[in-house]
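Source file structure.txt; content: compact mmCIF, C-alpha atoms.
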```txt
# COMPACT_ATOMS: atom_id res chain seq x y z
CA VAL R 441 -159.40 -76.15 158.23
CA ASP R 442 -158.02 -75.54 161.73
CA PHE R 443 -154.62 -74.73 160.25
CA LEU R 444 -156.10 -72.13 157.88
CA ARG R 445 -158.27 -70.63 160.63
CA ASN R 446 -155.33 -70.31 162.98
CA LEU R 447 -153.16 -68.88 160.22
CA PHE R 448 -155.66 -66.17 159.24
CA SER R 449 -156.41 -65.33 162.87
CA ARG R 450 -152.75 -64.99 163.79
CA THR R 451 -151.80 -63.01 160.67
CA LEU R 452 -154.74 -60.61 160.88
CA GLY R 453 -154.50 -60.26 164.65
CA LEU R 454 -158.08 -61.44 165.17
CA SER R 455 -157.33 -63.63 168.17
CA PRO R 456 -155.35 -62.91 171.33
CA GLU R 457 -151.87 -64.45 171.41
CA GLU R 458 -150.81 -66.36 174.49
CA LYS R 459 -147.34 -65.31 175.56
CA VAL R 460 -145.47 -68.26 177.02
CA LEU R 461 -141.98 -66.78 177.33
CA ASP R 462 -141.24 -64.26 180.07
CA ASP R 463 -138.68 -62.64 177.75
CA LEU R 464 -138.01 -62.90 174.01
CA SER R 465 -134.41 -63.99 174.43
CA LEU R 466 -132.30 -67.13 174.68
CA GLU R 467 -132.49 -66.72 178.46
CA GLY R 468 -136.27 -66.64 178.28
CA VAL R 469 -136.36 -69.86 176.25
CA ALA R 470 -133.97 -71.54 178.69
CA ARG R 471 -136.18 -70.59 181.64
CA TYR R 472 -139.20 -72.00 179.79
CA ILE R 473 -137.46 -75.38 179.38
CA GLN R 474 -136.35 -75.35 183.01
CA SER R 475 -139.93 -74.67 184.14
CA GLY R 476 -140.87 -78.21 183.12
CA LYS R 477 -143.70 -77.03 180.88
CA CYS R 478 -141.78 -77.89 177.72
CA LYS R 479 -141.87 -81.59 176.83
CA ASN R 480 -142.34 -81.81 173.04
CA ILE R 481 -139.49 -79.98 171.33
CA ILE R 482 -139.21 -80.18 167.56
CA CYS R 483 -135.96 -79.23 165.84
CA MET R 484 -135.83 -78.04 162.25
CA VAL R 485 -132.30 -78.05 160.89
CA GLY R 486 -130.46 -77.26 157.67
CA ALA R 487 -126.99 -77.27 156.19
CA GLY R 488 -125.73 -74.64 158.64
CA ILE R 489 -125.48 -77.19 161.46
CA SER R 490 -122.89 -79.19 159.49
CA THR R 491 -120.58 -76.45 158.22
CA SER R 492 -118.22 -76.72 161.19
CA ALA R 493 -117.82 -80.41 160.32
CA GLY R 494 -116.35 -79.35 156.98
CA ILE R 495 -119.48 -79.72 154.85
CA PRO R 496 -120.37 -76.51 152.98
CA ASP R 497 -123.87 -75.08 153.13
CA PHE R 498 -125.66 -74.19 149.92
CA ARG R 499 -126.10 -70.44 149.72
CA SER R 500 -123.32 -68.67 151.65
CA PRO R 501 -121.58 -66.25 149.23
CA GLY R 502 -118.11 -67.46 148.29
CA THR R 503 -118.04 -70.56 150.52
CA GLY R 504 -121.41 -72.16 149.81
CA LEU R 505 -121.85 -75.21 147.63
CA TYR R 506 -123.63 -73.34 144.85
CA ALA R 507 -120.75 -70.85 144.60
CA ASN R 508 -118.15 -73.58 144.04
CA LEU R 509 -119.53 -75.86 141.34
CA GLN R 510 -117.70 -74.36 138.36
CA LYS R 511 -115.63 -77.51 137.81
CA TYR R 512 -118.77 -79.47 136.97
CA ASN R 513 -119.69 -77.20 134.02
CA LEU R 514 -123.34 -76.96 135.02
CA PRO R 515 -125.83 -74.75 133.17
CA TYR R 516 -126.77 -73.34 136.61
CA PRO R 517 -125.78 -74.46 140.14
CA GLU R 518 -129.12 -76.03 141.16
CA ALA R 519 -128.97 -78.38 138.14
CA ILE R 520 -126.74 -80.77 140.07
CA PHE R 521 -129.74 -81.64 142.27
CA GLN R 522 -132.42 -81.67 139.57
CA ILE R 523 -133.71 -85.10 138.62
CA ASP R 524 -134.13 -84.35 134.89
CA TYR R 525 -130.55 -83.10 134.60
CA PHE R 526 -129.27 -86.08 136.60
CA LYS R 527 -130.93 -88.57 134.24
CA LYS R 528 -129.03 -87.05 131.31
CA HIS R 529 -125.79 -86.15 133.10
CA PRO R 530 -125.30 -88.22 136.30
CA GLU R 531 -121.52 -87.68 136.46
CA PRO R 532 -121.53 -84.28 138.27
CA PHE R 533 -123.82 -85.50 141.04
CA PHE R 534 -121.80 -88.65 141.70
CA ALA R 535 -118.53 -86.73 141.63
CA LEU R 536 -119.93 -84.34 144.25
CA ALA R 537 -121.41 -87.22 146.25
CA ARG R 538 -117.99 -88.85 146.37
CA GLU R 539 -116.56 -85.69 147.97
CA LEU R 540 -119.38 -85.33 150.51
CA TYR R 541 -120.14 -88.98 151.20
CA PRO R 542 -120.67 -89.93 154.88
CA GLY R 543 -117.81 -91.40 156.83
CA GLN R 544 -115.44 -88.47 156.33
CA PHE R 545 -117.06 -86.07 158.80
CA LYS R 546 -117.87 -85.96 162.51
CA PRO R 547 -121.08 -84.57 164.02
CA THR R 548 -120.89 -81.05 165.41
CA VAL R 549 -121.72 -79.56 168.80
CA CYS R 550 -125.14 -78.74 167.39
CA HIS R 551 -125.80 -82.37 166.43
CA TYR R 552 -124.91 -83.51 169.93
CA PHE R 553 -127.09 -80.81 171.49
CA ILE R 554 -130.05 -82.36 169.65
CA ARG R 555 -128.89 -85.75 170.93
CA MET R 556 -128.98 -84.34 174.49
CA LEU R 557 -132.56 -83.17 173.98
CA LYS R 558 -133.40 -86.76 173.07
CA ASP R 559 -131.51 -88.23 176.02
CA LYS R 560 -133.35 -85.90 178.39
CA GLY R 561 -136.74 -86.93 177.02
CA LEU R 562 -137.50 -83.51 175.52
CA LEU R 563 -137.17 -84.18 171.79
CA ARG R 564 -140.30 -85.16 169.93
CA ARG R 565 -138.62 -85.20 166.53
CA CYS R 566 -135.84 -83.66 164.45
CA TYR R 567 -136.81 -82.57 160.94
CA SER R 568 -133.67 -82.26 158.83
CA GLN R 569 -132.99 -80.92 155.34
CA ASN R 570 -129.56 -82.55 155.41
CA ILE R 571 -128.49 -85.70 153.58
CA ASP R 572 -125.16 -86.16 155.38
CA THR R 573 -126.48 -88.64 158.03
CA LEU R 574 -124.64 -86.80 160.84
CA GLU R 575 -127.79 -86.78 162.99
CA ARG R 576 -127.66 -90.59 162.92
CA VAL R 577 -123.94 -90.65 163.69
CA ALA R 578 -124.60 -88.38 166.68
CA GLY R 579 -127.06 -90.90 168.11
CA LEU R 580 -130.51 -90.17 166.71
CA GLU R 581 -132.44 -93.24 165.61
CA GLY R 582 -134.66 -93.47 162.57
CA GLU R 583 -137.75 -92.88 164.70
CA ASP R 584 -136.28 -89.65 166.08
CA LEU R 585 -135.61 -88.27 162.64
CA ILE R 586 -137.42 -87.06 159.55
CA GLU R 587 -134.91 -86.69 156.72
CA ALA R 588 -137.13 -84.43 154.65
CA HIS R 589 -134.81 -84.24 151.66
CA GLY R 590 -133.72 -87.85 151.86
CA THR R 591 -130.43 -89.36 152.94
CA PHE R 592 -127.24 -91.13 151.90
CA HIS R 593 -128.02 -93.71 154.61
CA THR R 594 -129.61 -96.06 152.08
CA SER R 595 -129.82 -96.39 148.31
CA HIS R 596 -132.28 -98.14 146.02
CA CYS R 597 -132.46 -99.30 142.44
CA VAL R 598 -134.63 -96.75 140.67
CA SER R 599 -136.38 -99.39 138.58
CA LEU R 600 -140.00 -99.87 139.65
CA PHE R 601 -139.58 -103.58 139.00
CA CYS R 602 -136.63 -103.90 141.38
CA ARG R 603 -136.30 -101.30 144.18
CA LYS R 604 -133.54 -103.38 145.83
CA GLU R 605 -131.99 -101.60 148.80
CA TYR R 606 -128.23 -101.09 149.14
CA THR R 607 -126.41 -100.06 152.31
CA MET R 608 -124.30 -96.97 152.76
CA ASP R 609 -121.17 -99.11 153.27
CA TRP R 610 -121.77 -100.89 149.95
CA MET R 611 -122.15 -97.57 148.12
CA LYS R 612 -119.07 -96.19 149.87
CA GLY R 613 -117.04 -99.11 148.56
CA LYS R 614 -118.16 -98.37 145.02
CA PHE R 615 -117.26 -94.70 145.35
CA ARG R 616 -113.80 -95.72 146.61
CA PHE R 617 -112.94 -98.04 143.74
CA GLU R 618 -114.85 -96.64 140.77
CA SER R 619 -114.47 -93.33 138.96
CA PRO R 620 -117.62 -91.18 138.75
CA THR R 621 -116.46 -89.86 135.38
CA ASP R 622 -116.14 -93.35 133.89
CA SER R 623 -118.99 -94.14 131.48
CA LYS R 624 -119.40 -97.67 132.86
CA PHE R 625 -119.69 -96.27 136.39
CA SER R 626 -122.25 -93.65 135.36
CA SER R 627 -124.44 -96.02 133.36
CA PHE R 628 -124.55 -98.44 136.29
CA PHE R 629 -125.24 -95.87 138.98
CA LEU R 630 -127.91 -94.18 136.90
CA TRP R 631 -130.05 -97.10 138.03
CA LEU R 632 -128.85 -96.98 141.60
CA LEU R 633 -129.53 -93.80 143.50
CA SER R 634 -129.04 -92.75 147.11
CA ASP R 635 -132.36 -92.05 148.79
CA ILE R 636 -132.02 -88.30 148.52
CA VAL R 637 -134.75 -86.06 147.15
CA PHE R 638 -133.91 -84.20 143.96
CA PHE R 639 -135.62 -81.02 142.85
CA GLY R 640 -138.67 -82.22 140.92
CA GLU R 641 -139.27 -85.24 143.17
CA ASN R 642 -141.78 -85.69 145.98
CA LEU R 643 -140.66 -85.62 149.59
CA PRO R 644 -140.89 -88.93 151.49
CA ALA R 645 -144.45 -89.87 152.45
CA ARG R 646 -143.37 -90.13 156.10
CA PHE R 647 -142.59 -86.40 156.09
CA PHE R 648 -146.25 -85.56 155.49
CA THR R 649 -147.83 -88.19 157.72
CA THR R 650 -145.55 -87.50 160.69
CA MET R 651 -145.74 -83.69 160.57
CA LYS R 652 -149.52 -83.88 160.94
CA LYS R 653 -149.05 -85.79 164.18
CA ASP R 654 -146.07 -83.87 165.55
CA PHE R 655 -146.59 -80.17 165.01
CA PRO R 656 -149.99 -79.71 166.76
CA HIS R 657 -148.30 -81.02 169.95
CA CYS R 658 -145.09 -79.01 169.66
CA ASP R 659 -144.43 -76.72 172.66
CA LEU R 660 -141.04 -75.39 171.48
CA LEU R 661 -139.73 -75.18 167.91
CA ILE R 662 -135.96 -74.80 167.54
CA ILE R 663 -134.81 -73.82 164.03
CA MET R 664 -131.09 -74.02 163.29
CA GLY R 665 -128.85 -73.50 160.28
CA THR R 666 -131.49 -73.09 157.59
CA SER R 667 -132.45 -70.23 155.28
CA LEU R 668 -136.10 -71.38 155.29
CA GLN R 669 -136.24 -70.83 151.53
CA VAL R 670 -137.14 -74.31 150.32
CA GLN R 671 -140.76 -75.43 150.37
CA PRO R 672 -142.58 -77.30 151.74
CA PHE R 673 -140.01 -77.66 154.55
CA ALA R 674 -139.99 -73.90 155.30
CA SER R 675 -143.75 -73.77 155.84
CA LEU R 676 -143.49 -76.18 158.80
CA VAL R 677 -142.81 -73.23 161.10
CA SER R 678 -146.43 -72.16 160.59
CA ARG R 679 -147.83 -75.50 161.75
CA VAL R 680 -147.11 -75.19 165.47
CA PRO R 681 -149.82 -73.88 167.83
CA ASN R 682 -150.22 -70.11 168.12
CA SER R 683 -148.72 -70.11 171.62
CA CYS R 684 -145.65 -72.23 170.72
CA PRO R 685 -142.35 -70.31 171.08
CA ARG R 686 -140.01 -70.47 168.07
CA LEU R 687 -136.26 -70.11 168.55
CA LEU R 688 -133.98 -69.43 165.59
CA ILE R 689 -130.23 -70.08 165.95
CA ASN R 690 -128.64 -68.87 162.74
CA MET R 691 -126.12 -66.45 161.31
CA GLU R 692 -128.93 -64.17 160.12
CA LYS R 693 -132.64 -63.72 160.66
CA THR R 694 -134.78 -65.73 158.29
CA GLY R 695 -138.36 -66.78 157.80
CA GLN R 696 -139.64 -63.21 157.85
CA VAL R 697 -141.96 -62.71 154.87
CA PRO R 698 -144.16 -59.92 153.46
CA PHE R 699 -147.69 -59.72 154.76
CA GLY R 700 -149.33 -61.26 151.68
CA MET R 701 -147.00 -64.25 151.56
CA GLY R 702 -147.38 -64.82 155.29
CA LEU R 703 -151.14 -64.85 154.83
CA LEU R 704 -150.78 -67.71 152.35
CA GLY R 705 -148.54 -69.64 154.75
CA PHE R 706 -145.28 -69.43 152.80
CA GLY R 707 -142.08 -69.18 154.85
CA GLY R 708 -143.70 -69.12 158.26
CA GLY R 709 -144.10 -65.44 158.97
CA MET R 710 -141.52 -65.24 161.75
CA ASP R 711 -141.82 -62.00 163.70
CA PHE R 712 -138.78 -61.02 165.74
CA ASP R 713 -138.95 -57.25 165.84
CA SER R 714 -142.45 -55.81 165.47
CA ASP R 715 -144.61 -54.48 168.30
CA LYS R 716 -146.76 -57.60 167.93
CA ALA R 717 -143.84 -60.01 168.44
CA TYR R 718 -144.70 -62.39 171.26
CA ARG R 719 -143.02 -65.77 170.71
CA ASP R 720 -140.20 -65.63 168.14
CA VAL R 721 -136.58 -65.38 169.32
CA ALA R 722 -133.53 -64.96 167.08
CA HIS R 723 -130.07 -65.79 168.45
CA LEU R 724 -127.57 -64.72 165.78
CA SER R 725 -124.42 -66.84 165.88
CA THR R 726 -123.01 -70.02 164.46
CA CYS R 727 -125.10 -73.04 165.35
CA ASP R 728 -122.34 -74.50 167.54
CA ASP R 729 -121.81 -71.27 169.48
CA GLY R 730 -125.55 -70.83 169.88
CA CYS R 731 -125.99 -74.35 171.21
CA LEU R 732 -123.10 -73.92 173.65
CA ALA R 733 -124.60 -70.64 174.92
CA PHE R 734 -128.01 -72.30 175.20
CA ALA R 735 -126.53 -75.31 177.02
CA GLU R 736 -124.74 -73.01 179.48
CA LEU R 737 -128.02 -71.27 180.34
CA LEU R 738 -129.64 -74.68 180.85
CA GLY R 739 -126.77 -75.92 183.02
CA TRP R 740 -125.80 -78.52 180.42
CA LYS R 741 -122.60 -77.05 178.95
CA GLY R 742 -120.12 -79.33 180.73
CA GLU R 743 -122.24 -82.36 179.92
CA LEU R 744 -122.46 -81.33 176.25
CA GLU R 745 -118.71 -80.74 175.93
CA GLU R 746 -117.99 -84.10 177.55
CA LEU R 747 -120.44 -85.84 175.19
CA VAL R 748 -118.76 -84.30 172.13
CA LYS R 749 -115.29 -85.23 173.40
CA ARG R 750 -116.29 -88.80 174.21
CA GLU R 751 -118.15 -89.44 170.95
CA HIS R 752 -115.42 -87.92 168.77
CA ALA R 753 -112.81 -90.08 170.55
CA LEU R 754 -114.96 -93.14 169.85
CA ILE R 755 -115.20 -92.23 166.14
CA ASP R 756 -111.43 -91.69 165.98
CA SER R 757 -110.86 -95.05 167.64
CA LYS R 758 -113.09 -96.85 165.14
CA ASP R 759 -111.41 -95.09 162.22
CA SER R 760 -107.98 -96.03 163.54
CA LYS R 761 -109.04 -99.65 163.94
CA LYS R 762 -110.32 -99.76 160.35
CA LYS R 763 -107.05 -98.32 159.05
CA ASP R 764 -105.05 -100.87 161.04
CA GLU R 765 -107.17 -103.71 159.63
CA LYS R 766 -106.67 -102.45 156.05
CA THR R 767 -102.92 -102.15 156.62
CA LYS R 768 -102.83 -105.68 158.00
CA GLN R 769 -104.82 -107.05 155.06
CA SER R 770 -102.52 -105.29 152.61
CA SER R 771 -99.40 -106.70 154.25
CA GLU R 772 -100.84 -110.23 154.30
CA THR R 773 -101.94 -110.24 150.66
CA PRO R 774 -98.51 -111.09 149.10
CA GLU R 775 -98.07 -114.06 151.45
CA LYS R 776 -101.51 -115.44 150.61
CA THR R 777 -100.80 -115.03 146.92
CA LYS R 778 -97.51 -116.87 147.27
CA VAL R 779 -99.10 -119.78 149.11
CA ALA R 780 -101.80 -120.06 146.48
CA GLU R 781 -99.31 -120.38 143.58
CA PRO R 782 -99.30 -123.89 142.01
CA GLU R 783 -96.19 -126.03 142.26
CA ALA R 784 -93.87 -126.29 139.25
CA GLY R 785 -94.92 -128.90 136.72
CA LYS R 786 -98.51 -129.07 138.02
CA SER R 787 -101.56 -127.51 136.44
CA GLU R 788 -103.49 -124.85 138.33
CA LYS R 789 -106.70 -126.14 139.93
CA THR R 790 -109.70 -123.92 140.42
CA GLU R 791 -111.98 -124.70 143.30
```
Encoded form (C-alpha cells):
Amino acid sequence: VDFLRNLFSRTLGLSPEEKVLDDLSLEGVARYIQSGKCKNIICMVGAGISTSAGIPDFRSPGTGLYANLQKYNLPYPEAIFQIDYFKKHPEPFFALARELYPGQFKPTVCHYFIRMLKDKGLLRRCYSQNIDTLERVAGLEGEDLIEAHGTFHTSHCVSLFCRKEYTMDWMKGKFRFESPTDSKFSSFFLWLLSDIVFFGENLPARFFTTMKKDFPHCDLLIIMGTSLQVQPFASLVSRVPNSCPRLLINMEKTGQVPFGMGLLGFGGGMDFDSDKAYRDVAHLSTCDDGCLAFAELLGWKGELEELVKREHALIDSKDSKKKDEKTKQSSETPEKTKVAEPEAGKSEKTE
C-alpha cells in the first residue's frame, strides 16, 4: 500500500519532493557520498558491466548476443533462453554456455568499483542480472549479492526427486571434455541445469524477500550497464524512497517511460531532463569509464586502479599455476603408465 501511495504521489506530483543532491551531476552524487549521509547504496547492474571483459551484452546492434546467434539456427534469438525451447532443444544453450562459461574472463573496473563500495562499508547489496559470476570473482560474497537471473556458480539436477547440487568446477570439467552437440551429452545435461533463470521461470525467492528489506532503506541507487527492459528487475528502481538519488552509468539513457506506464510502476519512470527532475542523474559513458570518473571525484581512483592491477595479477598467477600443474601431469602420465604395465609372462592384476 505504501509503495502504491508513494508511486501515485510522485507520478502525479501530489507530494513535495525532497532534493538531496546539490546538483544533478556525477559531481553532485560524489559530494553526497562524501558528506557521510549516504550509507546504504544499492547497485543494479546488467550485461553492460561485463562487456569490457569480453562478454557480449544482449541488445547492442551488431555486437550484442542476440545479433550473433545465427549459427544456432534458432526460430528467434530469445529462444535460446526460453525454458520450453530448451527442454526440446538443449544443444544451443549448452553450446553457448560453453563459450561464456566462467573462468575465461576477468572482472572489470566496474566490478571492482562495486567491491570498493563494499570494502568501505557503503554497499547494502548488489542486484545483478548477470550470470557470469564476475561479481563473485571480484570479491562480493553471496550475502552481498542478489543474482536475480540466476548464476553459473552452481547447478542442480532438475528432477524434483533429486535436486542434487553440482559445483561450477565440476560443470566446467564436463564442458571441457564433452561435446554439447553430442546426443549423449545433451540427454544427460537436460537433467542437469545451471542455476540460471530462463524466460518462463520464476526468479529466485530470495530476490523478492530481500528487495522488500533493502529498497526502503536505500539512500543511493546506482544503475549500471542495463537497458531496464526486463521485468520485474527493471521495476526495482521505483522501490526506493522518494528522496533517494538514482545514478545511471550507461551508454544511453534508459528507464524513461511514458506517463501511463510510469503510473503503473513499469520501468521506473526515471526523469533526467524535465523541469520536475530532482534526483535522477545520467552519466553517459562505458561503465568502466564512468566508474573511473566517479572514483576520481571521490578521491578513490588510485586505490581502484591498484585494486584492479593487484587482483588481475592474482588471477593470472592462479591461471599460470593451473597450466603448469596440467603440463606436469601430462608429462608424468607416460611414466606412470609404463610402471603400471605387467611383467612379461604374468597376468594383469586389478586392484
* Structure fact -> For Val577 of chain R, the closest of R:Ala733, R:Met484, R:Ile554, R:Ile662 counting only C-alpha atoms is R:Ile554
Neighbouring residues of Lys479 of chain R were defined as those with any atom within 9 Å, considering all atoms listed in the file; residues of the same chain fewer than 5 positions away were excluded. Please report them as a PDB file with C-alpha atoms, keeping the file's coordinate frame.
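Resulting contents of selection-v3.pdb:
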```pdb
ATOM      1  CA  ILE R 473    -137.460 -75.380 179.380  1.00  0.00           C
ATOM      2  CA  GLY R 561    -136.740 -86.930 177.020  1.00  0.00           C
ATOM      3  CA  LEU R 562    -137.500 -83.510 175.520  1.00  0.00           C
ATOM      4  CA  LEU R 563    -137.170 -84.180 171.790  1.00  0.00           C
ATOM      5  CA  ARG R 564    -140.300 -85.160 169.930  1.00  0.00           C
ATOM      6  CA  CYS R 658    -145.090 -79.010 169.660  1.00  0.00           C
ATOM      7  CA  ASP R 659    -144.430 -76.720 172.660  1.00  0.00           C
ATOM      8  CA  LEU R 660    -141.040 -75.390 171.480  1.00  0.00           C
TER       9      LEU R 660
END
```
* atom CA of Gly739 of chain R to atom CA of Gly468 of chain R: how many Å, to one decimal? ->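 Here the two named atoms are 14.1 Å from each other.
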* Which is closer to Met556 of chain R than all the others in R:Glu743, R:Asp462, R:Asp572, R:Glu583, using all atoms listed in the file? ->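 Closest to Met556 of chain R of all the choices is R:Glu743.
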Exercise: segment 746-748 of chain R partners within 8 Å, all atoms listed in the file, chain neighbours under 5 positions left out, as a PDB file with C-alpha atoms, in the frame of the given file:
```
ATOM      1  CA  THR R 548    -120.890 -81.050 165.410  1.00  0.00           C
ATOM      2  CA  VAL R 549    -121.720 -79.560 168.800  1.00  0.00           C
ATOM      3  CA  TYR R 552    -124.910 -83.510 169.930  1.00  0.00           C
TER       4      TYR R 552
END
```
* Asked: Which residue, R:Glu587, R:Asp654, R:Asp759, R:Asp715, has the smallest gap to Val637 of chain R when you use only C-alpha atoms?
  ->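 Selected residue with least distance to Val637 of chain R: R:Glu587.
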